[in-house]
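Undergrad: Enclosed is the structure file protein_20.cif (mmCIF, C-alpha atoms).
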data_upload
#
loop_
_atom_site.group_PDB
_atom_site.id
_atom_site.type_symbol
_atom_site.label_atom_id
_atom_site.label_comp_id
_atom_site.auth_asym_id
_atom_site.auth_seq_id
_atom_site.Cartn_x
_atom_site.Cartn_y
_atom_site.Cartn_z
ATOM 1 C CA MET A 22 0.000 0.000 0.000
ATOM 2 C CA SER A 23 1.148 3.521 -0.664
ATOM 3 C CA PRO A 24 2.782 5.530 2.134
ATOM 4 C CA ALA A 25 1.101 8.535 3.725
ATOM 5 C CA ARG A 26 1.102 11.626 1.555
ATOM 6 C CA PRO A 27 -0.043 15.237 2.076
ATOM 7 C CA GLY A 28 -3.448 14.330 0.665
ATOM 8 C CA ASP A 29 -3.904 11.644 3.306
ATOM 9 C CA THR A 30 -5.009 14.033 6.057
ATOM 10 C CA PRO A 31 -7.898 12.889 8.268
ATOM 11 C CA ALA A 32 -11.335 13.621 6.844
ATOM 12 C CA SER A 33 -13.487 16.206 8.572
ATOM 13 C CA ASP A 34 -15.987 14.989 11.153
ATOM 14 C CA SER A 35 -18.655 17.058 9.374
ATOM 15 C CA ARG A 36 -18.509 14.551 6.514
ATOM 16 C CA SER A 37 -18.600 11.431 8.680
ATOM 17 C CA SER A 38 -21.721 10.115 6.946
ATOM 18 C CA ALA A 39 -20.315 10.581 3.431
ATOM 19 C CA PRO A 40 -19.097 7.418 1.700
ATOM 20 C CA VAL A 41 -15.609 6.215 0.998
ATOM 21 C CA LEU A 42 -15.318 5.806 -2.764
ATOM 22 C CA VAL A 43 -13.504 2.693 -4.013
ATOM 23 C CA PHE A 44 -12.184 2.991 -7.578
ATOM 24 C CA ASP A 45 -10.891 0.370 -9.984
ATOM 25 C CA SER A 46 -10.769 -0.199 -13.715
ATOM 26 C CA GLY A 47 -13.148 -3.132 -13.247
ATOM 27 C CA VAL A 48 -14.573 -5.203 -10.404
ATOM 28 C CA GLY A 49 -11.241 -6.281 -8.892
ATOM 29 C CA GLY A 50 -11.558 -3.456 -6.380
ATOM 30 C CA LEU A 51 -14.468 -5.351 -4.846
ATOM 31 C CA SER A 52 -11.832 -7.473 -3.068
ATOM 32 C CA VAL A 53 -10.620 -4.298 -1.343
ATOM 33 C CA ALA A 54 -14.176 -3.112 -0.643
ATOM 34 C CA ALA A 55 -14.884 -6.470 0.987
ATOM 35 C CA GLU A 56 -11.884 -6.108 3.303
ATOM 36 C CA ILE A 57 -12.828 -2.543 4.248
ATOM 37 C CA ARG A 58 -16.357 -3.702 5.023
ATOM 38 C CA ARG A 59 -15.024 -6.652 7.023
ATOM 39 C CA GLN A 60 -12.994 -4.345 9.259
ATOM 40 C CA TRP A 61 -15.531 -1.481 9.345
ATOM 41 C CA PRO A 62 -18.999 -2.922 8.550
ATOM 42 C CA GLN A 63 -20.905 0.300 9.243
ATOM 43 C CA LEU A 64 -18.721 2.482 7.022
ATOM 44 C CA SER A 65 -20.636 3.822 4.024
ATOM 45 C CA LEU A 66 -19.020 2.844 0.731
ATOM 46 C CA ALA A 67 -19.476 3.740 -2.919
ATOM 47 C CA TYR A 68 -17.868 2.037 -5.904
ATOM 48 C CA VAL A 69 -16.825 3.246 -9.335
ATOM 49 C CA CYS A 70 -15.296 1.274 -12.172
ATOM 50 C CA ASP A 71 -13.955 2.497 -15.487
ATOM 51 C CA ASN A 72 -14.960 -0.728 -17.174
ATOM 52 C CA ALA A 73 -15.357 0.965 -20.557
ATOM 53 C CA ALA A 74 -11.547 1.228 -20.613
ATOM 54 C CA LEU A 75 -10.754 -2.186 -19.111
ATOM 55 C CA PRO A 76 -8.037 -3.451 -18.968
ATOM 56 C CA TYR A 77 -5.817 -0.591 -17.808
ATOM 57 C CA GLY A 78 -2.688 -2.722 -17.860
ATOM 58 C CA THR A 79 -2.426 -2.650 -21.655
ATOM 59 C CA LYS A 80 -3.112 1.091 -22.149
ATOM 60 C CA PRO A 81 -0.409 3.767 -22.701
ATOM 61 C CA ASP A 82 0.524 5.875 -19.689
ATOM 62 C CA ASP A 83 -0.047 9.250 -21.361
ATOM 63 C CA TRP A 84 -3.637 8.237 -22.115
ATOM 64 C CA LEU A 85 -4.328 6.619 -18.747
ATOM 65 C CA ILE A 86 -3.326 9.464 -16.423
ATOM 66 C CA PRO A 87 -5.877 12.069 -17.617
ATOM 67 C CA ARG A 88 -8.500 9.345 -18.017
ATOM 68 C CA ILE A 89 -8.085 8.173 -14.412
ATOM 69 C CA VAL A 90 -8.244 11.734 -13.095
ATOM 70 C CA GLN A 91 -11.363 12.568 -15.123
ATOM 71 C CA VAL A 92 -13.205 9.452 -13.999
ATOM 72 C CA CYS A 93 -12.281 9.847 -10.324
ATOM 73 C CA VAL A 94 -13.077 13.572 -10.156
ATOM 74 C CA ALA A 95 -16.495 12.944 -11.711
ATOM 75 C CA ALA A 96 -17.177 9.997 -9.396
ATOM 76 C CA VAL A 97 -16.180 11.930 -6.274
ATOM 77 C CA GLU A 98 -18.556 14.699 -7.275
ATOM 78 C CA ALA A 99 -21.393 12.268 -8.057
ATOM 79 C CA SER A 100 -21.014 10.292 -4.820
ATOM 80 C CA GLY A 101 -20.095 13.114 -2.438
ATOM 81 C CA ALA A 102 -17.222 10.939 -1.185
ATOM 82 C CA ARG A 103 -15.070 11.957 1.767
ATOM 83 C CA ALA A 104 -12.103 9.812 0.694
ATOM 84 C CA LEU A 105 -10.974 7.959 -2.416
ATOM 85 C CA VAL A 106 -9.409 4.500 -2.372
ATOM 86 C CA VAL A 107 -7.608 3.747 -5.628
ATOM 87 C CA ALA A 108 -8.046 -0.029 -5.531
ATOM 88 C CA CYS A 109 -6.006 -0.552 -8.677
ATOM 89 C CA ASN A 110 -2.262 -1.145 -8.717
ATOM 90 C CA THR A 111 -1.862 0.151 -12.270
ATOM 91 C CA ALA A 112 -3.689 3.403 -11.522
ATOM 92 C CA SER A 113 -1.902 3.866 -8.210
ATOM 93 C CA THR A 114 1.615 3.393 -9.535
ATOM 94 C CA LEU A 115 0.807 5.850 -12.315
ATOM 95 C CA ALA A 116 -1.667 8.528 -11.217
ATOM 96 C CA LEU A 117 -1.629 9.041 -7.426
ATOM 97 C CA THR A 118 0.202 12.369 -7.644
ATOM 98 C CA ALA A 119 -2.165 13.671 -10.314
ATOM 99 C CA LEU A 120 -5.193 12.566 -8.291
ATOM 100 C CA ARG A 121 -3.961 14.232 -5.119
ATOM 101 C CA GLU A 122 -3.414 17.447 -7.042
ATOM 102 C CA ALA A 123 -6.907 17.301 -8.562
ATOM 103 C CA LEU A 124 -8.881 16.367 -5.428
ATOM 104 C CA SER A 125 -9.314 18.017 -2.036
ATOM 105 C CA ILE A 126 -10.204 14.772 -0.231
ATOM 106 C CA PRO A 127 -7.746 12.097 0.981
ATOM 107 C CA VAL A 128 -6.537 9.705 -1.712
ATOM 108 C CA ILE A 129 -5.365 6.255 -0.576
ATOM 109 C CA GLY A 130 -3.404 4.211 -3.079
ATOM 110 C CA THR A 131 -2.593 0.565 -3.694
ATOM 111 C CA VAL A 132 0.893 -0.535 -4.700
ATOM 112 C CA PRO A 133 2.561 -3.960 -4.765
ATOM 113 C CA ALA A 134 3.326 -5.280 -1.278
ATOM 114 C CA ILE A 135 7.070 -5.563 -1.922
ATOM 115 C CA LYS A 136 8.210 -4.771 1.631
ATOM 116 C CA PRO A 137 6.078 -7.346 3.508
ATOM 117 C CA ALA A 138 6.693 -9.964 0.812
ATOM 118 C CA ALA A 139 10.456 -9.522 1.118
ATOM 119 C CA ALA A 140 10.276 -9.834 4.901
ATOM 120 C CA LEU A 141 8.171 -12.987 4.625
ATOM 121 C CA ALA A 142 10.486 -14.493 2.006
ATOM 122 C CA ARG A 143 13.462 -13.964 4.313
ATOM 123 C CA ALA A 144 11.599 -15.550 7.224
ATOM 124 C CA ARG A 145 10.471 -18.579 5.192
ATOM 125 C CA GLN A 146 13.813 -19.246 3.517
ATOM 126 C CA SER A 147 15.241 -22.637 4.489
ATOM 127 C CA ALA A 148 18.413 -22.888 6.533
ATOM 128 C CA ALA A 149 20.014 -24.942 3.766
ATOM 129 C CA ARG A 150 19.480 -22.174 1.212
ATOM 130 C CA ARG A 151 20.760 -19.551 3.634
ATOM 131 C CA GLU A 152 23.906 -21.592 4.246
ATOM 132 C CA LYS A 153 24.475 -21.631 0.482
ATOM 133 C CA CYS A 154 24.099 -17.824 0.452
ATOM 134 C CA GLU A 155 21.173 -18.091 -1.934
ATOM 135 C CA PRO A 156 18.876 -15.044 -1.977
ATOM 136 C CA PRO A 157 15.321 -15.142 -0.646
ATOM 137 C CA VAL A 158 12.860 -15.622 -3.513
ATOM 138 C CA PHE A 159 9.420 -14.177 -4.075
ATOM 139 C CA ALA A 160 7.243 -13.464 -7.092
ATOM 140 C CA LEU A 161 5.236 -10.457 -8.176
ATOM 141 C CA LEU A 162 2.130 -11.425 -10.117
ATOM 142 C CA ALA A 163 0.650 -8.304 -11.673
ATOM 143 C CA THR A 164 -0.478 -6.654 -14.895
ATOM 144 C CA SER A 165 1.977 -5.774 -17.633
ATOM 145 C CA ALA A 166 1.842 -2.115 -16.629
ATOM 146 C CA THR A 167 2.582 -2.725 -12.948
ATOM 147 C CA VAL A 168 5.393 -5.183 -13.668
ATOM 148 C CA ARG A 169 7.270 -2.716 -15.883
ATOM 149 C CA ARG A 170 6.530 0.466 -13.887
ATOM 150 C CA ALA A 171 9.503 2.457 -12.576
ATOM 151 C CA TYR A 172 7.646 2.826 -9.247
ATOM 152 C CA THR A 173 7.674 -0.968 -8.871
ATOM 153 C CA GLU A 174 11.378 -1.125 -9.663
ATOM 154 C CA GLN A 175 12.072 1.505 -7.006
ATOM 155 C CA LEU A 176 10.127 -0.460 -4.385
ATOM 156 C CA ILE A 177 12.233 -3.514 -5.164
ATOM 157 C CA ARG A 178 15.465 -1.528 -4.862
ATOM 158 C CA ASP A 179 14.328 0.020 -1.588
ATOM 159 C CA PHE A 180 12.926 -3.041 0.172
ATOM 160 C CA ALA A 181 14.079 -6.197 -1.628
ATOM 161 C CA ALA A 182 17.570 -5.520 -2.957
ATOM 162 C CA ASP A 183 18.802 -8.755 -1.373
ATOM 163 C CA CYS A 184 16.026 -10.860 -2.915
ATOM 164 C CA ARG A 185 15.420 -12.565 -6.202
ATOM 165 C CA VAL A 186 12.155 -11.100 -7.444
ATOM 166 C CA ILE A 187 10.388 -12.969 -10.244
ATOM 167 C CA ARG A 188 8.039 -10.629 -12.084
ATOM 168 C CA VAL A 189 5.193 -12.197 -14.048
ATOM 169 C CA ALA A 190 2.661 -10.290 -16.152
ATOM 170 C CA ALA A 191 -0.685 -12.075 -15.916
ATOM 171 C CA ASP A 192 -3.173 -9.854 -17.750
ATOM 172 C CA PRO A 193 -5.464 -12.806 -18.655
ATOM 173 C CA LEU A 194 -6.256 -13.242 -14.950
ATOM 174 C CA VAL A 195 -7.945 -9.819 -14.899
ATOM 175 C CA ALA A 196 -10.460 -10.960 -17.497
ATOM 176 C CA GLU A 197 -10.899 -14.291 -15.722
ATOM 177 C CA ALA A 198 -11.749 -12.605 -12.410
ATOM 178 C CA GLU A 199 -14.187 -10.288 -14.191
ATOM 179 C CA ARG A 200 -15.883 -13.267 -15.847
ATOM 180 C CA ARG A 201 -16.324 -15.134 -12.600
ATOM 181 C CA LEU A 202 -17.835 -12.197 -10.741
ATOM 182 C CA ARG A 203 -20.304 -11.799 -13.591
ATOM 183 C CA GLY A 204 -21.447 -15.357 -12.901
ATOM 184 C CA GLU A 205 -19.765 -17.000 -15.894
ATOM 185 C CA PRO A 206 -18.180 -20.468 -15.606
ATOM 186 C CA ALA A 207 -14.684 -20.656 -14.134
ATOM 187 C CA ARG A 208 -11.794 -21.494 -16.436
ATOM 188 C CA PRO A 209 -9.064 -22.928 -14.174
ATOM 189 C CA GLU A 210 -6.896 -23.595 -17.219
ATOM 190 C CA VAL A 211 -6.444 -19.810 -17.624
ATOM 191 C CA VAL A 212 -5.015 -19.591 -14.107
ATOM 192 C CA ALA A 213 -2.805 -22.627 -14.639
ATOM 193 C CA ALA A 214 -1.394 -21.213 -17.885
ATOM 194 C CA SER A 215 -0.582 -17.858 -16.279
ATOM 195 C CA LEU A 216 1.282 -19.576 -13.421
ATOM 196 C CA ALA A 217 3.017 -22.338 -15.363
ATOM 197 C CA ASP A 218 6.502 -20.824 -15.136
ATOM 198 C CA LEU A 219 6.152 -19.999 -11.432
ATOM 199 C CA ALA A 220 4.958 -23.481 -10.546
ATOM 200 C CA ALA A 221 8.310 -24.806 -11.702
ATOM 201 C CA VAL A 222 10.351 -22.572 -9.357
ATOM 202 C CA GLU A 223 11.217 -24.821 -6.412
ATOM 203 C CA ALA A 224 12.602 -21.990 -4.247
ATOM 204 C CA LEU A 225 9.409 -19.934 -4.500
ATOM 205 C CA GLU A 226 7.676 -19.587 -1.135
ATOM 206 C CA VAL A 227 5.964 -16.168 -1.342
ATOM 207 C CA MET A 228 3.967 -14.461 -4.075
ATOM 208 C CA ILE A 229 2.459 -10.981 -4.212
ATOM 209 C CA LEU A 230 -0.995 -10.683 -5.729
ATOM 210 C CA GLY A 231 -0.131 -7.367 -7.368
ATOM 211 C CA CYS A 232 -3.556 -6.668 -8.838
ATOM 212 C CA THR A 233 -6.765 -6.307 -6.846
ATOM 213 C CA HIS A 234 -8.462 -8.747 -9.227
ATOM 214 C CA PHE A 235 -6.151 -11.559 -8.211
ATOM 215 C CA PRO A 236 -7.373 -12.222 -4.628
ATOM 216 C CA LEU A 237 -10.678 -13.158 -6.258
ATOM 217 C CA LEU A 238 -8.797 -16.102 -7.790
ATOM 218 C CA GLY A 239 -6.854 -16.942 -4.638
ATOM 219 C CA ALA A 240 -8.172 -20.488 -4.258
ATOM 220 C CA ASP A 241 -7.232 -21.425 -7.819
ATOM 221 C CA ILE A 242 -3.802 -19.786 -7.507
ATOM 222 C CA SER A 243 -3.067 -21.678 -4.284
ATOM 223 C CA GLN A 244 -4.138 -24.935 -5.905
ATOM 224 C CA VAL A 245 -1.713 -24.450 -8.797
ATOM 225 C CA LEU A 246 1.261 -23.364 -6.675
ATOM 226 C CA GLY A 247 0.583 -25.483 -3.606
ATOM 227 C CA GLU A 248 -1.352 -23.966 -0.712
ATOM 228 C CA SER A 249 1.192 -25.008 1.917
ATOM 229 C CA ARG A 250 4.235 -24.166 -0.211
ATOM 230 C CA VAL A 251 3.593 -20.613 -1.426
ATOM 231 C CA ALA A 252 2.200 -17.846 0.807
ATOM 232 C CA LEU A 253 0.047 -15.273 -1.013
ATOM 233 C CA VAL A 254 0.395 -11.599 -0.044
ATOM 234 C CA ASP A 255 -2.012 -8.822 -1.030
ATOM 235 C CA SER A 256 -2.735 -5.275 0.146
ATOM 236 C CA GLY A 257 -6.425 -5.510 1.084
ATOM 237 C CA ALA A 258 -6.055 -5.585 4.873
ATOM 238 C CA ALA A 259 -3.390 -2.869 4.866
ATOM 239 C CA ILE A 260 -5.586 -0.609 2.745
ATOM 240 C CA ALA A 261 -8.500 -1.064 5.138
ATOM 241 C CA ARG A 262 -6.251 -0.132 8.069
ATOM 242 C CA ARG A 263 -5.023 2.937 6.199
ATOM 243 C CA VAL A 264 -8.619 4.016 5.551
ATOM 244 C CA ALA A 265 -9.223 3.843 9.307
ATOM 245 C CA GLU A 266 -6.133 5.968 9.977
ATOM 246 C CA VAL A 267 -7.030 8.599 7.397
ATOM 247 C CA LEU A 268 -10.646 8.851 8.552
ATOM 248 C CA ALA A 269 -9.616 8.749 12.224
ATOM 249 C CA LEU A 270 -11.843 5.757 12.917
ATOM 250 C CA GLY A 271 -11.102 5.071 16.560
ATOM 251 C CA ALA A 272 -11.725 2.392 19.126
ATOM 252 C CA ALA A 273 -15.223 3.728 19.844
ATOM 253 C CA ALA A 274 -16.240 3.290 16.226
ATOM 254 C CA GLN A 275 -14.777 -0.211 16.165
ATOM 255 C CA ALA A 276 -16.668 -1.123 19.349
ATOM 256 C CA ALA A 277 -19.891 0.166 17.793
ATOM 257 C CA ASP A 278 -19.260 -1.936 14.684
ATOM 258 C CA GLN A 279 -18.698 -5.023 16.827
ATOM 259 C CA GLN A 280 -21.934 -4.398 18.717
ATOM 260 C CA VAL A 281 -23.859 -4.094 15.447
ATOM 261 C CA ALA A 282 -22.299 -7.318 14.202
ATOM 262 C CA GLN A 283 -23.307 -9.132 17.405
ATOM 263 C CA GLU A 284 -26.870 -7.835 17.098
ATOM 264 C CA ALA A 285 -26.966 -9.011 13.486
ATOM 265 C CA GLU A 286 -25.881 -12.493 14.554
ATOM 266 C CA GLN A 287 -28.691 -12.546 17.140
ATOM 267 C CA GLN A 288 -31.182 -11.553 14.436
ATOM 268 C CA VAL A 289 -30.057 -14.465 12.302
ATOM 269 C CA ALA A 290 -30.590 -16.846 15.206
ATOM 270 C CA GLN A 291 -34.006 -15.432 16.138
ATOM 271 C CA ALA A 292 -35.605 -14.353 12.888
ATOM 272 C CA VAL A 293 -35.067 -13.548 9.241
ATOM 273 C CA GLN A 294 -32.277 -11.019 8.911
ATOM 274 C CA PRO A 295 -33.236 -7.856 6.991
ATOM 275 C CA ALA A 296 -31.331 -7.244 3.759
ATOM 276 C CA PRO A 297 -28.343 -4.931 4.205
ATOM 277 C CA PRO A 298 -28.588 -1.496 2.600
ATOM 278 C CA GLU A 299 -27.192 -1.209 -0.911
ATOM 279 C CA HIS A 300 -24.297 1.112 -1.560
ATOM 280 C CA MET A 301 -24.006 3.413 -4.560
ATOM 281 C CA ALA A 302 -22.178 2.149 -7.653
ATOM 282 C CA LEU A 303 -21.064 4.005 -10.766
ATOM 283 C CA ALA A 304 -19.616 2.721 -14.033
ATOM 284 C CA THR A 305 -18.443 4.145 -17.317
ATOM 285 C CA ASP A 306 -20.291 1.243 -18.991
ATOM 286 C CA ALA A 307 -23.276 0.646 -16.740
ATOM 287 C CA ARG A 308 -24.895 -1.721 -19.267
ATOM 288 C CA GLN A 309 -22.085 -4.271 -19.248
ATOM 289 C CA PRO A 310 -23.629 -7.748 -18.935
ATOM 290 C CA GLY A 311 -23.125 -9.240 -15.494
ATOM 291 C CA LEU A 312 -21.813 -6.042 -13.893
ATOM 292 C CA ALA A 313 -24.845 -5.621 -11.645
ATOM 293 C CA THR A 314 -24.447 -9.228 -10.483
ATOM 294 C CA ALA A 315 -20.810 -8.677 -9.571
ATOM 295 C CA LEU A 316 -21.567 -5.470 -7.667
ATOM 296 C CA ALA A 317 -24.515 -7.037 -5.851
ATOM 297 C CA SER A 318 -22.205 -9.786 -4.551
ATOM 298 C CA GLN A 319 -20.603 -7.144 -2.306
ATOM 299 C CA GLY A 320 -23.758 -5.216 -1.419
ATOM 300 C CA PHE A 321 -23.622 -2.512 -4.090
ATOM 301 C CA ALA A 322 -26.654 -1.277 -5.992
ATOM 302 C CA ALA A 323 -27.087 -1.640 -9.749
ATOM 303 C CA PRO A 324 -24.597 0.677 -11.440
ATOM 304 C CA GLN A 325 -25.472 4.162 -12.558
ATOM 305 C CA ALA A 326 -23.842 5.563 -15.690
ATOM 306 C CA LEU A 327 -20.988 7.958 -14.861
ATOM 307 C CA SER A 328 -20.812 11.062 -17.021
ATOM 308 C CA PHE A 329 -17.532 12.913 -17.403
ATOM 309 C CA ASP A 330 -15.634 15.023 -19.913
ATOM 310 C CA ASP A 331 -13.704 12.588 -22.052
#
Kindly present the structure from the file in structure tokens form.
TA:
Amino acid sequence: MSPARPGDTPASDSRSSAPVLVFDSGVGGLSVAAEIRRQWPQLSLAYVCDNAALPYGTKPDDWLIPRIVQVCVAAVEASGARALVVACNTASTLALTALREALSIPVIGTVPAIKPAAALARARQSAARREKCEPPVFALLATSATVRRAYTEQLIRDFAADCRVIRVAADPLVAEAERRLRGEPARPEVVAASLADLAAVEALEVMILGCTHFPLLGADISQVLGESRVALVDSGAAIARRVAEVLALGAAAQAADQQVAQEAEQQVAQAVQPAPPEHMALATDARQPGLATALASQGFAAPQALSFDD
């Protein structure tokens, strides 16, 4: 996850009922929204996806930056958001500075979890490999754009200079995650093909899921690589914690959330639980087949079309 920046100042208490807006190119950001909701179930959320331009990972940088800013500015205005979570590694490694300059609300980014992955790889390395002075090994599974980004290279130099980092571009997994959330049949062969080279690396014990779509395929990825052999690292939990820091969500709010959760459990035991409220969703292609199904899986309403100056 991205470090604190000037734009990450705590949101004003006067906007405490305004939603946190989660942004992604597609529905991969729902994995981040789910983690935020798990940690803070009473926090109001909104979601926006630029699915008309999916996938971001294959688009040129000079086209993506203004596009990302235009979509996010329009979505913040439409939702009245008090903070923006950029739940997209490609957008974060490319456009965080531009977004923070364009918006007056906190902007929380998502970048590959190089630092924790390196620490875990060092901890999991066998004594035999250490005695041979072999480097710790971990993999970065991401989109083409994230794998080649200078920001990613700098993170590796800063936090994993002593490690062997295997970078794998797995753009087909973005489409596979999108398909599954739309309710289409799973294609495990797509996952297996994307991971074929990594599965042959005996020293591999840690892998970063460097795209927010990829945790949605976590079970399949673990099956290919070996659930007990390779630990998967993603940024979802860290992003949720950063949201709490930026919005100054304290112990009192957490206690209130826990009380609500306990009451909900009692309702399930005693009667039919009422449906949870739907959260606002926006999309640049609101008519995309299956999009409403994917959004509904995480409690979001049917998408509204997002208008912006293209």
Undergrad: Mind giving me the straight-line distance from atom CA of A:Ser243 to atom CA of A:Ala214 in Å, one decimal?
TA: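 Between atom CA of A:Ser243 and atom CA of A:Ala214 the gap is 13.7 Å.
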Undergrad: If the PyMOL selection byres ((chain A and resi 150-163) around 10) were run on this exact file, what residues would it hold? Put them as a PyMOL selection string.
TA: chain A and resi 78+110-111+133-135+138-149+164-169+173+181-192+194-195+215-216+219+222-235+251-254
Undergrad: Just the number, please: distance in Å from atom CA of A:Asp82 to atom CA of A:Ser52, one decimal.
TA: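 A separation of 24.6 Å between them.
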Undergrad: Between A:Val128, A:Val90, A:Leu66, A:Ala55, which one has atoms that come closest to A:Asp331, using only C-alpha atoms?
TA: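 With only C-alpha atoms as the atom set, the closest residue is A:Val90.
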Undergrad: Just so the selection is clear, what residues does the PyMOL selection byres ((chain A and resi 57) around 10) cover here, as a ChimeraX atom specification?
TA: /A:41,43,51-56,58-64,66,257-265
Undergrad: Tell me which of A:Thr114, A:Gln91, A:Ser100, A:Ser46 sits closest to A:Cys70, counting all atoms listed in the file.
TA: A:Ser46
Undergrad: Reconstruct all heavy atoms of stretch 86-93 of chain A from the incomplete input and present them as an mmCIF file, in the frame of the given file.
TA:
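Saved result, part14.cif, follows:
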data_model
loop_
_atom_site.group_PDB
_atom_site.id
_atom_site.type_symbol
_atom_site.label_atom_id
_atom_site.label_comp_id
_atom_site.auth_asym_id
_atom_site.auth_seq_id
_atom_site.Cartn_x
_atom_site.Cartn_y
_atom_site.Cartn_z
ATOM 1 N N ILE A 86 -3.350 8.497 -17.523
ATOM 2 C CA ILE A 86 -3.326 9.464 -16.423
ATOM 3 C C ILE A 86 -4.497 10.437 -16.487
ATOM 4 O O ILE A 86 -5.256 10.554 -15.509
ATOM 5 C CB ILE A 86 -1.981 10.214 -16.368
ATOM 6 C CG1 ILE A 86 -0.856 9.242 -16.018
ATOM 7 C CG2 ILE A 86 -2.024 11.331 -15.328
ATOM 8 C CD1 ILE A 86 0.531 9.859 -16.084
ATOM 9 N N PRO A 87 -4.721 11.160 -17.592
ATOM 10 C CA PRO A 87 -5.877 12.069 -17.617
ATOM 11 C C PRO A 87 -7.204 11.329 -17.530
ATOM 12 O O PRO A 87 -8.168 11.839 -16.951
ATOM 13 C CB PRO A 87 -5.722 12.812 -18.948
ATOM 14 C CG PRO A 87 -4.812 11.976 -19.776
ATOM 15 C CD PRO A 87 -3.903 11.282 -18.822
ATOM 16 N N ARG A 88 -7.262 10.132 -18.082
ATOM 17 C CA ARG A 88 -8.500 9.345 -18.017
ATOM 18 C C ARG A 88 -8.837 9.009 -16.565
ATOM 19 O O ARG A 88 -9.990 9.174 -16.119
ATOM 20 C CB ARG A 88 -8.317 8.053 -18.820
ATOM 21 C CG ARG A 88 -9.440 7.028 -18.659
ATOM 22 C CD ARG A 88 -10.619 7.342 -19.515
ATOM 23 N NE ARG A 88 -11.665 6.328 -19.381
ATOM 24 C CZ ARG A 88 -12.667 6.179 -20.236
ATOM 25 N NH1 ARG A 88 -12.744 6.971 -21.292
ATOM 26 N NH2 ARG A 88 -13.593 5.263 -20.041
ATOM 27 N N ILE A 89 -7.863 8.526 -15.812
ATOM 28 C CA ILE A 89 -8.085 8.173 -14.412
ATOM 29 C C ILE A 89 -8.536 9.385 -13.615
ATOM 30 O O ILE A 89 -9.476 9.308 -12.809
ATOM 31 C CB ILE A 89 -6.800 7.564 -13.814
ATOM 32 C CG1 ILE A 89 -6.508 6.203 -14.447
ATOM 33 C CG2 ILE A 89 -6.903 7.436 -12.295
ATOM 34 C CD1 ILE A 89 -5.114 5.679 -14.182
ATOM 35 N N VAL A 90 -7.888 10.512 -13.826
ATOM 36 C CA VAL A 90 -8.244 11.734 -13.095
ATOM 37 C C VAL A 90 -9.662 12.164 -13.441
ATOM 38 O O VAL A 90 -10.457 12.509 -12.552
ATOM 39 C CB VAL A 90 -7.232 12.861 -13.393
ATOM 40 C CG1 VAL A 90 -7.719 14.179 -12.800
ATOM 41 C CG2 VAL A 90 -5.861 12.503 -12.838
ATOM 42 N N GLN A 91 -10.018 12.155 -14.708
ATOM 43 C CA GLN A 91 -11.363 12.568 -15.123
ATOM 44 C C GLN A 91 -12.439 11.685 -14.504
ATOM 45 O O GLN A 91 -13.456 12.171 -13.994
ATOM 46 C CB GLN A 91 -11.462 12.534 -16.652
ATOM 47 C CG GLN A 91 -10.677 13.621 -17.350
ATOM 48 C CD GLN A 91 -10.518 13.368 -18.836
ATOM 49 O OE1 GLN A 91 -10.827 12.293 -19.342
ATOM 50 N NE2 GLN A 91 -10.032 14.375 -19.547
ATOM 51 N N VAL A 92 -12.214 10.378 -14.547
ATOM 52 C CA VAL A 92 -13.205 9.452 -13.999
ATOM 53 C C VAL A 92 -13.341 9.642 -12.490
ATOM 54 O O VAL A 92 -14.458 9.719 -11.954
ATOM 55 C CB VAL A 92 -12.816 7.993 -14.334
ATOM 56 C CG1 VAL A 92 -13.684 7.001 -13.543
ATOM 57 C CG2 VAL A 92 -12.958 7.728 -15.822
ATOM 58 N N CYS A 93 -12.225 9.740 -11.785
ATOM 59 C CA CYS A 93 -12.281 9.847 -10.324
ATOM 60 C C CYS A 93 -12.871 11.179 -9.871
ATOM 61 O O CYS A 93 -13.652 11.217 -8.904
ATOM 62 C CB CYS A 93 -10.894 9.635 -9.730
ATOM 63 S SG CYS A 93 -10.325 7.925 -9.816
#
